[in-house]
Each structure stands twice: as structure tokens, then as C-alpha cells.
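Below is upload36.txt, holding compact mmCIF, C-alpha atoms.
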```
# COMPACT_ATOMS: atom_id res chain seq x y z
CA MET A 1 -25.02 5.08 8.01
CA ARG A 2 -21.52 6.58 8.11
CA ARG A 3 -21.67 6.66 11.89
CA ILE A 4 -22.52 2.94 12.02
CA ALA A 5 -19.67 2.17 9.61
CA GLY A 6 -17.32 4.20 11.75
CA ILE A 7 -18.32 2.29 14.88
CA VAL A 8 -17.78 -1.04 13.18
CA LEU A 9 -14.45 0.16 11.82
CA ALA A 10 -13.35 1.28 15.25
CA VAL A 11 -14.22 -2.07 16.81
CA LEU A 12 -12.35 -3.97 14.12
CA LEU A 13 -9.24 -1.87 14.03
CA ILE A 14 -8.76 -0.36 17.44
CA GLY A 15 -8.52 -3.94 18.58
CA GLY A 16 -5.99 -4.49 15.82
CA VAL A 17 -3.56 -1.88 17.04
CA VAL A 18 -0.59 -3.76 18.38
CA ALA A 19 2.51 -2.58 20.12
CA ALA A 20 4.52 -5.10 18.16
CA VAL A 21 6.98 -2.68 16.66
CA VAL A 22 9.31 -0.98 19.09
CA ALA A 23 12.13 0.67 17.24
CA GLY A 24 14.06 1.04 20.48
CA ARG A 25 14.10 -2.64 21.44
CA GLU A 26 16.30 -3.55 24.40
CA ALA A 27 19.33 -4.81 22.51
CA ALA A 28 19.53 -1.74 20.35
CA ASP A 29 18.94 0.51 23.34
CA ALA A 30 21.83 -1.12 25.15
CA GLU A 31 24.11 -0.70 22.15
CA ASP A 32 23.19 2.93 21.60
CA LYS A 33 22.68 3.88 25.22
CA GLY A 34 23.40 7.53 25.83
CA THR A 35 22.95 8.52 22.17
CA ALA A 36 19.18 8.79 21.78
CA THR A 37 17.80 11.71 23.76
CA LYS A 38 14.22 12.07 22.50
CA THR A 39 11.56 9.34 22.52
CA VAL A 40 8.51 9.71 20.29
CA ARG A 41 5.37 7.59 20.11
CA ALA A 42 4.00 6.82 16.67
CA VAL A 43 1.12 4.89 15.19
CA ILE A 44 2.13 3.57 11.77
CA GLY A 45 0.80 1.50 8.89
CA SER A 46 1.86 -2.13 9.24
CA GLU A 47 3.86 -2.09 5.99
CA LYS A 48 6.41 0.17 7.74
CA ALA A 49 6.82 -2.13 10.75
CA ALA A 50 9.91 -3.84 9.36
CA PHE A 51 11.50 -0.48 8.58
CA PHE A 52 11.16 0.86 12.12
CA ALA A 53 12.19 -2.49 13.62
CA ASP A 54 15.35 -2.67 11.49
CA PRO A 55 18.37 -2.44 13.85
CA ASP A 56 20.16 -0.21 11.32
CA VAL A 57 17.21 2.19 11.33
CA VAL A 58 17.23 2.13 15.11
CA LYS A 59 20.93 3.04 15.10
CA ALA A 60 20.50 5.77 12.48
CA LEU A 61 17.70 7.35 14.49
CA ALA A 62 19.66 7.05 17.73
CA ALA A 63 22.66 8.71 16.10
CA GLU A 64 20.42 11.73 15.51
CA GLY A 65 19.08 11.58 19.05
CA TRP A 66 15.80 9.71 18.51
CA THR A 67 14.05 6.60 19.77
CA VAL A 68 10.76 5.70 18.08
CA ARG A 69 8.17 3.55 19.81
CA ALA A 70 5.76 2.52 17.09
CA GLU A 71 2.41 0.72 17.13
CA THR A 72 0.64 -0.50 14.01
CA SER A 73 -2.86 0.21 12.75
CA GLY A 74 -4.77 0.17 9.50
CA SER A 75 -4.30 3.55 7.87
CA TRP A 76 -8.02 4.21 7.51
CA ALA A 77 -8.61 3.18 11.12
CA MET A 78 -6.36 5.83 12.60
CA GLU A 79 -9.13 8.42 12.60
CA GLN A 80 -11.04 6.23 15.06
CA LEU A 81 -8.13 6.00 17.50
CA ASP A 82 -7.47 8.18 20.53
CA LEU A 83 -4.11 9.67 19.62
CA GLU A 84 -3.68 11.61 22.85
CA GLY A 85 -0.06 11.16 23.94
CA TYR A 86 1.21 10.28 20.46
CA ASP A 87 3.73 12.44 18.63
CA LEU A 88 2.79 11.41 15.11
CA ALA A 89 0.59 9.22 12.96
CA PHE A 90 2.12 7.73 9.84
CA PRO A 91 -0.57 6.31 7.52
CA SER A 92 0.19 4.85 4.14
CA SER A 93 -1.39 7.47 1.92
CA GLN A 94 -2.22 11.14 1.79
CA ALA A 95 -6.02 10.89 2.05
CA PRO A 96 -6.19 9.45 5.60
CA ALA A 97 -3.28 11.71 6.56
CA ASP A 98 -5.18 14.81 5.42
CA GLU A 99 -8.22 13.58 7.33
CA LEU A 100 -6.17 13.24 10.51
CA ALA A 101 -4.50 16.60 9.96
CA ASP A 102 -7.89 18.30 9.68
CA LYS A 103 -9.17 16.51 12.78
CA TYR A 104 -6.21 17.58 14.91
CA GLY A 105 -5.61 21.00 13.36
CA VAL A 106 -2.15 20.06 12.05
CA ARG A 107 -0.26 22.60 9.98
CA LYS A 108 0.33 21.69 6.34
CA PRO A 109 2.26 20.74 4.28
CA LEU A 110 2.79 17.36 5.87
CA PRO A 111 6.13 15.54 5.59
CA ARG A 112 6.06 12.75 2.97
CA PRO A 113 9.34 10.84 3.34
CA PHE A 114 8.70 8.10 0.78
CA TYR A 115 6.10 6.43 -1.42
CA SER A 116 5.30 3.16 -3.14
CA PRO A 117 3.14 2.33 -6.17
CA LEU A 118 0.63 -0.48 -5.98
CA VAL A 119 1.44 -3.54 -8.10
CA VAL A 120 -0.16 -6.90 -8.78
CA VAL A 121 1.99 -9.98 -8.20
CA ALA A 122 1.11 -12.99 -10.30
CA HIS A 123 2.37 -16.49 -10.93
CA ARG A 124 3.88 -16.76 -14.38
CA SER A 125 1.16 -19.05 -15.67
CA ALA A 126 -1.58 -16.58 -14.69
CA ALA A 127 0.28 -13.64 -16.24
CA GLN A 128 0.78 -15.52 -19.51
CA VAL A 129 -2.89 -16.49 -19.74
CA LEU A 130 -3.95 -12.89 -19.11
CA ALA A 131 -1.48 -11.71 -21.76
CA ALA A 132 -2.86 -14.19 -24.30
CA ASN A 133 -6.31 -12.72 -23.70
CA GLY A 134 -5.34 -9.06 -23.95
CA LEU A 135 -5.60 -8.20 -20.26
CA VAL A 136 -1.85 -7.94 -19.66
CA THR A 137 1.17 -6.80 -21.65
CA LEU A 138 4.37 -8.65 -20.74
CA ASP A 139 7.10 -6.15 -21.55
CA ARG A 140 9.76 -7.45 -19.16
CA SER A 141 11.02 -11.01 -18.66
CA ARG A 142 9.51 -11.09 -15.16
CA GLY A 143 6.95 -8.33 -15.37
CA GLY A 144 4.58 -6.22 -17.37
CA THR A 145 1.48 -4.06 -17.33
CA LEU A 146 -2.05 -4.87 -16.19
CA ARG A 147 -4.45 -3.20 -18.63
CA MET A 148 -7.10 -1.86 -16.29
CA GLY A 149 -9.74 -1.14 -18.92
CA PRO A 150 -9.87 -4.69 -20.35
CA PHE A 151 -9.45 -6.18 -16.88
CA LEU A 152 -12.46 -4.25 -15.55
CA ASP A 153 -14.47 -5.27 -18.62
CA ALA A 154 -13.72 -8.89 -17.72
CA ALA A 155 -14.87 -8.25 -14.15
CA ARG A 156 -18.14 -6.71 -15.38
CA ALA A 157 -18.76 -9.83 -17.47
CA ASP A 158 -17.96 -12.16 -14.54
CA ARG A 159 -15.27 -13.83 -16.63
CA THR A 160 -13.77 -16.98 -15.21
CA TRP A 161 -10.32 -18.41 -15.78
CA GLN A 162 -11.93 -21.33 -17.58
CA GLN A 163 -13.28 -18.91 -20.20
CA LEU A 164 -9.81 -17.59 -21.03
CA LYS A 165 -7.87 -19.32 -23.78
CA GLY A 166 -4.84 -21.18 -22.53
CA ALA A 167 -6.07 -21.52 -18.94
CA GLY A 168 -7.03 -25.16 -19.40
CA LYS A 169 -3.37 -26.18 -19.19
CA HIS A 170 -3.17 -24.82 -15.66
CA GLY A 171 -5.40 -26.66 -13.22
CA GLU A 172 -4.86 -24.09 -10.48
CA LEU A 173 -6.54 -21.35 -12.55
CA ILE A 174 -10.21 -21.80 -11.77
CA GLY A 175 -13.11 -19.59 -10.73
CA THR A 176 -13.72 -15.90 -11.25
CA VAL A 177 -10.82 -13.74 -12.40
CA TYR A 178 -10.07 -11.13 -9.74
CA VAL A 179 -7.24 -9.36 -7.96
CA ALA A 180 -7.07 -10.27 -4.28
CA THR A 181 -6.84 -7.15 -2.11
CA THR A 182 -7.08 -6.21 1.52
CA ASP A 183 -10.34 -5.03 3.09
CA PRO A 184 -10.94 -1.53 1.64
CA GLU A 185 -12.83 -0.41 4.74
CA SER A 186 -9.79 -0.85 6.94
CA SER A 187 -6.70 -1.12 4.76
CA ASN A 188 -5.01 1.47 2.59
CA SER A 189 -4.06 -0.79 -0.32
CA GLY A 190 -7.60 -2.15 -0.71
CA ALA A 191 -9.03 1.36 -0.63
CA LEU A 192 -6.53 2.67 -3.19
CA TYR A 193 -7.39 -0.21 -5.53
CA LEU A 194 -11.00 0.95 -5.50
CA ALA A 195 -9.82 4.53 -6.08
CA ALA A 196 -7.92 3.52 -9.23
CA ALA A 197 -10.60 1.12 -10.51
CA SER A 198 -13.40 3.62 -9.95
CA TYR A 199 -11.43 6.29 -11.79
CA VAL A 200 -11.18 4.08 -14.88
CA ALA A 201 -14.79 2.92 -14.55
CA ASN A 202 -15.94 6.55 -14.32
CA GLY A 203 -14.45 7.48 -17.69
CA ASN A 204 -11.06 8.49 -16.26
CA ARG A 205 -12.64 10.95 -13.87
CA VAL A 206 -12.38 10.90 -10.10
CA VAL A 207 -15.63 9.84 -8.42
CA ALA A 208 -16.92 12.95 -6.70
CA GLY A 209 -20.59 12.60 -5.83
CA THR A 210 -23.59 10.38 -5.26
CA ALA A 211 -24.50 9.98 -8.94
CA GLU A 212 -20.99 8.83 -9.82
CA LEU A 213 -20.88 6.55 -6.78
CA ASP A 214 -24.12 4.97 -7.93
CA ARG A 215 -22.62 4.45 -11.39
CA VAL A 216 -19.48 2.63 -10.24
CA THR A 217 -20.87 0.75 -7.22
CA PRO A 218 -22.00 -2.42 -9.09
CA LEU A 219 -18.51 -2.94 -10.51
CA MET A 220 -16.74 -2.10 -7.24
CA ARG A 221 -18.98 -4.63 -5.49
CA LYS A 222 -18.01 -7.31 -8.02
CA LEU A 223 -14.30 -6.55 -7.53
CA VAL A 224 -14.59 -7.00 -3.77
CA GLN A 225 -17.22 -9.67 -3.32
CA ALA A 226 -15.61 -12.08 -5.79
CA GLN A 227 -12.76 -12.37 -3.27
CA GLY A 228 -14.74 -13.69 -0.32
CA ALA A 229 -13.02 -13.05 3.02
CA GLN A 230 -10.36 -10.36 2.87
CA LYS A 231 -7.37 -9.81 5.13
CA SER A 232 -6.70 -6.50 6.85
CA SER A 233 -2.97 -6.44 6.05
CA SER A 234 -1.13 -6.58 2.75
CA ASP A 235 1.72 -8.31 4.58
CA ALA A 236 -0.49 -11.36 5.13
CA THR A 237 -1.67 -11.58 1.51
CA PHE A 238 1.87 -11.16 0.22
CA ARG A 239 3.25 -13.84 2.55
CA ASP A 240 0.54 -16.23 1.36
CA PHE A 241 1.42 -15.54 -2.27
CA VAL A 242 5.15 -16.02 -1.76
CA SER A 243 4.55 -19.28 0.12
CA GLY A 244 2.54 -20.57 -2.85
CA VAL A 245 -0.86 -20.80 -1.14
CA GLY A 246 -2.29 -17.44 -2.16
CA ASP A 247 -4.50 -16.30 -5.03
CA PRO A 248 -3.16 -16.16 -8.61
CA LEU A 249 -3.29 -12.33 -8.60
CA VAL A 250 -2.58 -10.31 -5.45
CA LEU A 251 -2.39 -6.54 -4.93
CA VAL A 252 0.64 -5.49 -2.88
CA TYR A 253 3.00 -2.55 -2.53
CA GLU A 254 5.99 -2.35 -4.83
CA SER A 255 8.07 -1.83 -1.68
CA GLN A 256 7.22 -5.36 -0.52
CA VAL A 257 8.38 -6.82 -3.83
CA ALA A 258 11.54 -4.72 -3.96
CA ALA A 259 12.46 -5.73 -0.41
CA LEU A 260 11.87 -9.40 -1.23
CA LEU A 261 14.05 -9.20 -4.33
CA ARG A 262 16.83 -7.56 -2.36
CA GLU A 263 16.68 -10.25 0.31
CA GLY A 264 16.24 -13.23 -1.98
CA GLY A 265 17.90 -12.16 -5.21
CA THR A 266 16.38 -14.17 -8.04
CA ASN A 267 15.26 -17.04 -5.81
CA VAL A 268 11.60 -15.99 -5.89
CA GLY A 269 10.03 -18.76 -7.92
CA ASP A 270 7.80 -17.75 -10.81
CA LEU A 271 7.01 -14.29 -9.44
CA THR A 272 5.76 -11.88 -12.10
CA VAL A 273 5.18 -8.21 -11.26
CA LEU A 274 2.38 -6.36 -13.06
CA TYR A 275 2.02 -2.58 -12.81
CA PRO A 276 -1.57 -1.45 -13.39
CA ASP A 277 -1.56 1.11 -16.21
CA THR A 278 -3.78 3.23 -13.97
CA THR A 279 -2.95 3.06 -10.31
CA ALA A 280 -2.93 4.99 -7.05
CA THR A 281 0.38 5.58 -5.33
CA SER A 282 0.77 5.07 -1.62
CA ASP A 283 2.30 8.32 -0.30
CA HIS A 284 3.52 7.53 3.22
CA THR A 285 2.63 10.76 4.98
CA VAL A 286 3.54 11.89 8.49
CA VAL A 287 0.88 13.67 10.54
CA PRO A 288 2.83 15.52 13.26
CA LEU A 289 0.87 15.82 16.49
CA THR A 290 3.75 17.50 18.37
CA ASP A 291 6.83 19.51 17.43
CA GLU A 292 8.91 16.37 17.99
CA GLY A 293 6.70 14.48 15.57
CA ARG A 294 7.25 17.07 12.85
CA ALA A 295 11.00 17.11 13.45
CA LEU A 296 11.12 13.33 13.08
CA GLY A 297 9.04 13.44 9.91
CA ASP A 298 11.41 16.00 8.40
CA LEU A 299 14.40 13.89 9.43
CA LEU A 300 12.98 10.79 7.72
CA ALA A 301 12.55 12.83 4.54
CA THR A 302 15.97 14.48 4.47
CA ASP A 303 18.57 12.36 6.29
CA PRO A 304 20.72 10.56 3.66
CA ARG A 305 21.27 7.47 5.80
CA LEU A 306 17.57 7.06 6.59
CA ARG A 307 16.68 7.59 2.92
CA ARG A 308 19.07 4.80 1.92
CA LEU A 309 17.54 2.54 4.55
CA ALA A 310 14.04 3.34 3.26
CA VAL A 311 15.20 2.23 -0.20
CA ARG A 312 16.56 -0.97 1.35
CA HIS A 313 13.00 -1.66 2.50
CA GLY A 314 11.72 -1.06 -1.03
CA PHE A 315 10.36 2.48 -0.64
CA ARG A 316 10.95 5.28 -3.13
CA PRO A 317 12.25 8.44 -1.36
CA GLN A 318 10.44 11.63 -2.30
CA GLY A 319 12.27 14.08 -4.50
CA ALA A 320 14.82 11.74 -6.11
CA SER A 321 14.67 8.62 -8.23
CA ALA A 322 18.41 7.91 -8.43
CA GLU A 323 18.54 6.26 -5.01
CA PHE A 324 15.82 3.75 -5.86
CA THR A 325 17.09 3.17 -9.39
CA GLU A 326 20.61 2.42 -8.23
CA ALA A 327 19.46 0.11 -5.43
CA THR A 328 17.14 -1.93 -7.69
CA ASP A 329 19.30 -2.02 -10.81
CA ALA A 330 19.75 -5.79 -10.53
CA HIS A 331 16.00 -6.38 -10.62
CA THR A 332 14.81 -4.49 -13.70
CA ALA A 333 13.39 -7.73 -15.08
CA TYR A 334 10.72 -7.39 -12.39
CA LEU A 335 10.52 -3.68 -11.56
CA ASN A 336 9.40 -0.74 -13.67
CA GLN A 337 11.93 1.67 -12.21
CA GLN A 338 10.74 4.77 -14.08
CA LEU A 339 7.04 3.81 -13.89
CA THR A 340 6.89 4.01 -17.66
CA GLY A 341 3.32 3.79 -18.95
CA VAL A 342 1.81 4.06 -15.46
CA ARG A 343 -0.79 6.76 -14.87
CA GLN A 344 -1.58 8.08 -11.41
CA ALA A 345 -5.33 8.22 -10.66
CA PRO A 346 -6.56 11.00 -8.37
CA VAL A 347 -7.98 9.65 -5.12
CA PRO A 348 -11.54 10.58 -4.11
CA THR A 349 -12.15 12.45 -0.88
CA SER A 350 -12.01 10.37 2.28
CA GLU A 351 -15.79 10.60 2.65
CA VAL A 352 -16.42 9.34 -0.89
CA LEU A 353 -13.82 6.58 -0.64
CA ARG A 354 -15.20 5.34 2.68
CA GLU A 355 -18.71 5.19 1.24
CA MET A 356 -17.40 3.42 -1.86
CA ALA A 357 -15.68 0.81 0.30
CA ARG A 358 -18.80 0.36 2.42
CA ARG A 359 -20.96 -0.18 -0.66
CA ALA A 360 -18.42 -2.53 -2.22
CA ARG A 361 -18.36 -4.67 0.90
CA GLY A 362 -22.15 -4.76 0.79
```
Would you mind writing the structure in this file as C-alpha cells?
Amino acid sequence: MRRIAGIVLAVLLIGGVVAAVVAGREAADAEDKGTATKTVRAVIGSEKAAFFADPDVVKALAAEGWTVRAETSGSWAMEQLDLEGYDLAFPSSQAPADELADKYGVRKPLPRPFYSPLVVVAHRSAAQVLAANGLVTLDRSRGGTLRMGPFLDAARADRTWQQLKGAGKHGELIGTVYVATTDPESSNSGALYLAAASYVANGNRVVAGTAELDRVTPLMRKLVQAQGAQKSSSDATFRDFVSGVGDPLVLVYESQVAALLREGGTNVGDLTVLYPDTTATSDHTVVPLTDEGRALGDLLATDPRLRRLAVRHGFRPQGASAEFTEATDAHTAYLNQQLTGVRQAPVPTSEVLREMARRARG
């Protein structure tokens, strides 16, 4: 069964690998010609595409002697790829990174330059209705906390928006209440949502075996199948939400929200940012496949200029909170800078999480 799932995953995602992100694009190469001396090939999660394509990142890397040629893939699909000739893989969380490291015999610890919590973006009307029904606490003018326990209880009961008091005033709030996520079989954010939800559903214990999988599967299936078709990239779901055509509740990375706020200031409509009280953090982890790959991973984690640029793209650098706090100080109405009241759920093993995603997809 796992072999069949792996084949399907490979077909879906190997075809999705695109050489769309080339951090050494021609214009930047011309400007920095003679500076960069080492070229590395990387396969990265799509949420880091804008970072590596940023001309300032290109220049900062070139100043240290590096050119990065990056291709994107779903984090959980990287295991199915032939990484011969690549210098590093850069998935969006530690679980697929550990899986790749074991497969290729990579020395640990692995560099983890930055991370990003998962958040739920909501339109103000949806957030207020959820708050009136005890599923959300609005503790900031543009944000609050999604109470995972009550929210999962509502999912078990197949609650609809029409059954929630106050929803009748908002004609767009119809149908089953759910958080729209990416496909958990191929995408990191969708998989981490199941990791956090299953932890809460399993009595605040990480799902670790068949019996516990059996216990949480019916709820995980409801969380996924209520959504219908799912996208493979959080970028697509976030763009839909921002454009006003997406679902009322959408799971994204905090980094996407922080980058949007930096670019657009307060001109973001009725955006409300909800931090699940139990969540799984996306630890962007480098899997070095060559010595050059490890050197680049260490540089991303330690170089002050690259750390500042990571913050500009909404990421939280490992080992310090001051950089992120200072950069986002104008947006505390939306962002929970200190992650107050947010608990980190342990993530199941890759094998368990893959099986959970397969079962949830049905």
C-alpha cells in the first residue's frame, strides 16, 4: 500500500518540480560577475522561491562567493526525486529532512536557518462568528487564537456555518466549517496540519502506531474531505484568499503573512490572523548532499545579511527572536510575535504521517 502511494506521489510531484527559481538569473549574474565562485544546485520548498529569487539575496550570496540554482518541489515529494548532482535539498520541515538525511547517509545535525509557524488567515466576518461561538479568541485587533479542541469538536459534529450564531448576517459563510489546506500527501503545510490536529485528537499525545491511527483517522478524513479538491502549494491558496476568492479559513505560513504585511502595510483588507493554540512549526531544514551544500546551509543560518533578508521574507531566524520582533513591530495587531499561548505539537514519524495523509485523502 505504501509502495503504491509512493508511486502515485512520485508521478504527481516529480512532474511538479520546476526550474522556475534561479537565484543567479542573468541580470544579477551580470551585475555580480566575478564575485560568485561556487555554484550549487538545490531543490527547495516552493515557499522559499521568492527568497532565493530576491535580487538582494542573490547579491548577498554572490558577495560570499555563491550562486544558487534552485528548483522547487513539494517537501514530502523530495524523497521520490533523483537528487544525483544536487548539492542540497531544502524541505520545509524537519521530518522530510530527516527522511532524506537517512536515505542519503547525511551527517547530523542538519542546518536549520529559519522557521515559520502555521497560521490560519480568515476574513473578519468569519473570525467574529467563530469567536461568538467559542471556537476563536480575538485577543488582537486583527488577530487571535484558534481553539483547536472546540474547532475539532465542531468538525466531528459536521457543523456548518449556518448552525453558528451570527453567521446568518454573512451570506458568504455557508457549508461545512473547515480550514482549507494543501494536499497533505504532497505538501508540508497540509501534512503538518494533520500532525497538530491528530495530536489534539489523540489526547495531546503524538500518534505513534496503528491503534492510534485508527482512532484519529475518521476525524482526519473529515478535515480533509470537507475541502474537496486541494492545491499542492500554499502559495496558491494564499493568493486566492488575498484576492478575495478563497475559502473563509485558509492555512498558510506566518512567513507569507508577514511578507505581505511588509509589502502592503495595512492595505490588506479585512485580513485576520489566527494562531492555532496547538500547532506544528515549519522548520526549514537543509539536507547537505555535498560539502558545498553544508557550507551554504551554515551560511544561511549565520550570515547577518542573509538572516535579515530571511526576516524580510517573513521567516523567523533560528536562535534569535529580536530580528523578527524588530522587523514586524508595526504589525503586532496581526502577528503574535512571541507566540504567546501557542503550543508546539510533536510531529509523528514520516511513515505514520504519510499513512495518516493517505487515509485522510481516502
So for range 141-146 of chain A, what box centre and size do we get, axis-aligned, 5 Å extra on each of the six sides, every listed atom, Å to one decimal, as AutoDock Vina command-line options?
```
--center_x 4.5 --center_y -7.6 --center_z -16.9 --size_x 23.1 --size_y 17.0 --size_z 13.5
```
Have a look at A:Ala327, A:Leu299, A:Leu213, A:Leu81 and name the one nearest to Arg112 in chain A; count only C-alpha atoms. A:Leu299
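When all atoms listed in the file are used to compute distances to Thr39 in chain A, the closest of the residues A:Ala357, A:Leu296, A:Ala95, A:Ala89 turns out to be A:Leu296.
Reported to one decimal place, the separation of CA of Gly166 in chain A from CA of Val129 in chain A is 5.8 Å.
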For each of A:Ala191, A:Ala310, A:Ala53, A:Leu260, take the minimum atom-to-atom distance to Pro348 in chain A, counting only C-alpha atoms, then give the residue where this is smallest. A:Ala191
Pick the closest to Met356 in chain A from A:Leu289, A:Val207, A:Ala301, A:Val121: which is it, counting only C-alpha atoms? A:Val207
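Between Tyr275 in chain A and the candidates A:Ala229, A:Val250, A:Leu173, A:Val242, the tightest atom-to-atom separation, counting all atoms listed in the file, involves A:Val250.
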One number please: CA of Arg156 in chain A to CA of Val257 in chain A, in Å, one decimal. 28.9 Å
Kindly provide, as a PyMOL selection string, the polymer residues lying within 10 Å of (-4.3, -16.2, -6.3), counting all atoms listed in the file and using the coordinates exactly as they appear in the file. chain A and resi 121-123+126+172-174+177-180+227+237+240-241+244-251
Selection: 12 Å around Arg305 in chain A, only C-alpha atoms, excl. self and same-chain fewer than 4 positions, as a ChimeraX atom specification: /A:56-61,63-64,299-301,309-312,317,323
Work out how far apart CA of Ala155 in chain A and CA of Met220 in chain A are and give it in Å to one decimal. 9.4 Å
With all atoms listed in the file as the atoms that count, which of A:Thr340, A:Trp66, A:Glu79, A:Leu353 lies nearest to Val43 in chain A? A:Glu79
Excluding Ala322 in chain A and its own-chain neighbours fewer than 4 positions away, which residues fall within 12 Å of it when counting all atoms listed in the file? Please give them as a PyMOL selection string. chain A and resi 307-308+311+316-318+326-329+337-338
Show me, as a list in words, the residues that have an atom within 6 Å of Tyr115 in chain A when counting only C-alpha atoms, minus same-chain residues fewer than 3 positions from it. Ser282, Asp283, His284, Phe315 and Arg316 of chain A
Give me the residues within 9 Å of Glu47 in chain A as an NGL selection string, counting all atoms listed in the file and dropping any in the same chain fewer than 3 places off. :A and (44 or 50-51 or 72 or 92 or 233-235 or 253 or 255-256)
Answer as a PyMOL selection string, residues within 12 Å of (20.2, -8.4, -12.0) using only C-alpha atoms: chain A and resi 141-142+261-262+264-267+326-335
Some atoms are absent from range 241-254 of chain A, so rebuild N, CA, C and O atoms and return them as a PDB file, keeping the file's coordinate frame.
```
ATOM      1  N   PHE A 241       1.046 -15.401  -0.857  1.00  0.00           N
ATOM      2  CA  PHE A 241       1.420 -15.540  -2.270  1.00  0.00           C
ATOM      3  C   PHE A 241       2.820 -16.128  -2.404  1.00  0.00           C
ATOM      4  O   PHE A 241       3.049 -17.068  -3.173  1.00  0.00           O
ATOM      5  N   VAL A 242       3.763 -15.569  -1.656  1.00  0.00           N
ATOM      6  CA  VAL A 242       5.150 -16.020  -1.760  1.00  0.00           C
ATOM      7  C   VAL A 242       5.282 -17.485  -1.335  1.00  0.00           C
ATOM      8  O   VAL A 242       6.076 -18.243  -1.901  1.00  0.00           O
ATOM      9  N   SER A 243       4.472 -17.894  -0.356  1.00  0.00           N
ATOM     10  CA  SER A 243       4.550 -19.280   0.120  1.00  0.00           C
ATOM     11  C   SER A 243       3.879 -20.252  -0.845  1.00  0.00           C
ATOM     12  O   SER A 243       3.976 -21.469  -0.671  1.00  0.00           O
ATOM     13  N   GLY A 244       3.154 -19.721  -1.841  1.00  0.00           N
ATOM     14  CA  GLY A 244       2.540 -20.570  -2.850  1.00  0.00           C
ATOM     15  C   GLY A 244       1.106 -20.970  -2.561  1.00  0.00           C
ATOM     16  O   GLY A 244       0.528 -21.762  -3.306  1.00  0.00           O
ATOM     17  N   VAL A 245       0.508 -20.412  -1.488  1.00  0.00           N
ATOM     18  CA  VAL A 245      -0.860 -20.800  -1.140  1.00  0.00           C
ATOM     19  C   VAL A 245      -1.865 -19.679  -1.409  1.00  0.00           C
ATOM     20  O   VAL A 245      -3.048 -19.830  -1.142  1.00  0.00           O
ATOM     21  N   GLY A 246      -1.402 -18.570  -1.951  1.00  0.00           N
ATOM     22  CA  GLY A 246      -2.290 -17.440  -2.160  1.00  0.00           C
ATOM     23  C   GLY A 246      -3.025 -17.499  -3.482  1.00  0.00           C
ATOM     24  O   GLY A 246      -2.943 -18.473  -4.245  1.00  0.00           O
ATOM     25  N   ASP A 247      -3.752 -16.426  -3.786  1.00  0.00           N
ATOM     26  CA  ASP A 247      -4.500 -16.300  -5.030  1.00  0.00           C
ATOM     27  C   ASP A 247      -3.544 -16.106  -6.214  1.00  0.00           C
ATOM     28  O   ASP A 247      -2.387 -15.693  -6.032  1.00  0.00           O
ATOM     29  N   PRO A 248      -4.030 -16.345  -7.440  1.00  0.00           N
ATOM     30  CA  PRO A 248      -3.160 -16.160  -8.610  1.00  0.00           C
ATOM     31  C   PRO A 248      -2.726 -14.715  -8.827  1.00  0.00           C
ATOM     32  O   PRO A 248      -1.650 -14.460  -9.358  1.00  0.00           O
ATOM     33  N   LEU A 249      -3.581 -13.756  -8.419  1.00  0.00           N
ATOM     34  CA  LEU A 249      -3.290 -12.330  -8.600  1.00  0.00           C
ATOM     35  C   LEU A 249      -3.509 -11.632  -7.261  1.00  0.00           C
ATOM     36  O   LEU A 249      -4.601 -11.705  -6.692  1.00  0.00           O
ATOM     37  N   VAL A 250      -2.496 -10.932  -6.774  1.00  0.00           N
ATOM     38  CA  VAL A 250      -2.580 -10.310  -5.450  1.00  0.00           C
ATOM     39  C   VAL A 250      -2.047  -8.882  -5.522  1.00  0.00           C
ATOM     40  O   VAL A 250      -0.951  -8.646  -6.053  1.00  0.00           O
ATOM     41  N   LEU A 251      -2.813  -7.938  -4.989  1.00  0.00           N
ATOM     42  CA  LEU A 251      -2.390  -6.540  -4.930  1.00  0.00           C
ATOM     43  C   LEU A 251      -1.493  -6.331  -3.719  1.00  0.00           C
ATOM     44  O   LEU A 251      -1.864  -6.654  -2.591  1.00  0.00           O
ATOM     45  N   VAL A 252      -0.305  -5.770  -3.956  1.00  0.00           N
ATOM     46  CA  VAL A 252       0.640  -5.490  -2.880  1.00  0.00           C
ATOM     47  C   VAL A 252       1.315  -4.150  -3.178  1.00  0.00           C
ATOM     48  O   VAL A 252       1.069  -3.518  -4.207  1.00  0.00           O
ATOM     49  N   TYR A 253       2.177  -3.738  -2.286  1.00  0.00           N
ATOM     50  CA  TYR A 253       3.000  -2.550  -2.530  1.00  0.00           C
ATOM     51  C   TYR A 253       4.278  -2.955  -3.256  1.00  0.00           C
ATOM     52  O   TYR A 253       4.872  -3.989  -2.966  1.00  0.00           O
ATOM     53  N   GLU A 254       4.707  -2.126  -4.170  1.00  0.00           N
ATOM     54  CA  GLU A 254       5.990  -2.350  -4.830  1.00  0.00           C
ATOM     55  C   GLU A 254       7.110  -2.494  -3.805  1.00  0.00           C
ATOM     56  O   GLU A 254       8.056  -3.273  -4.011  1.00  0.00           O
TER      57      GLU A 254
END
```
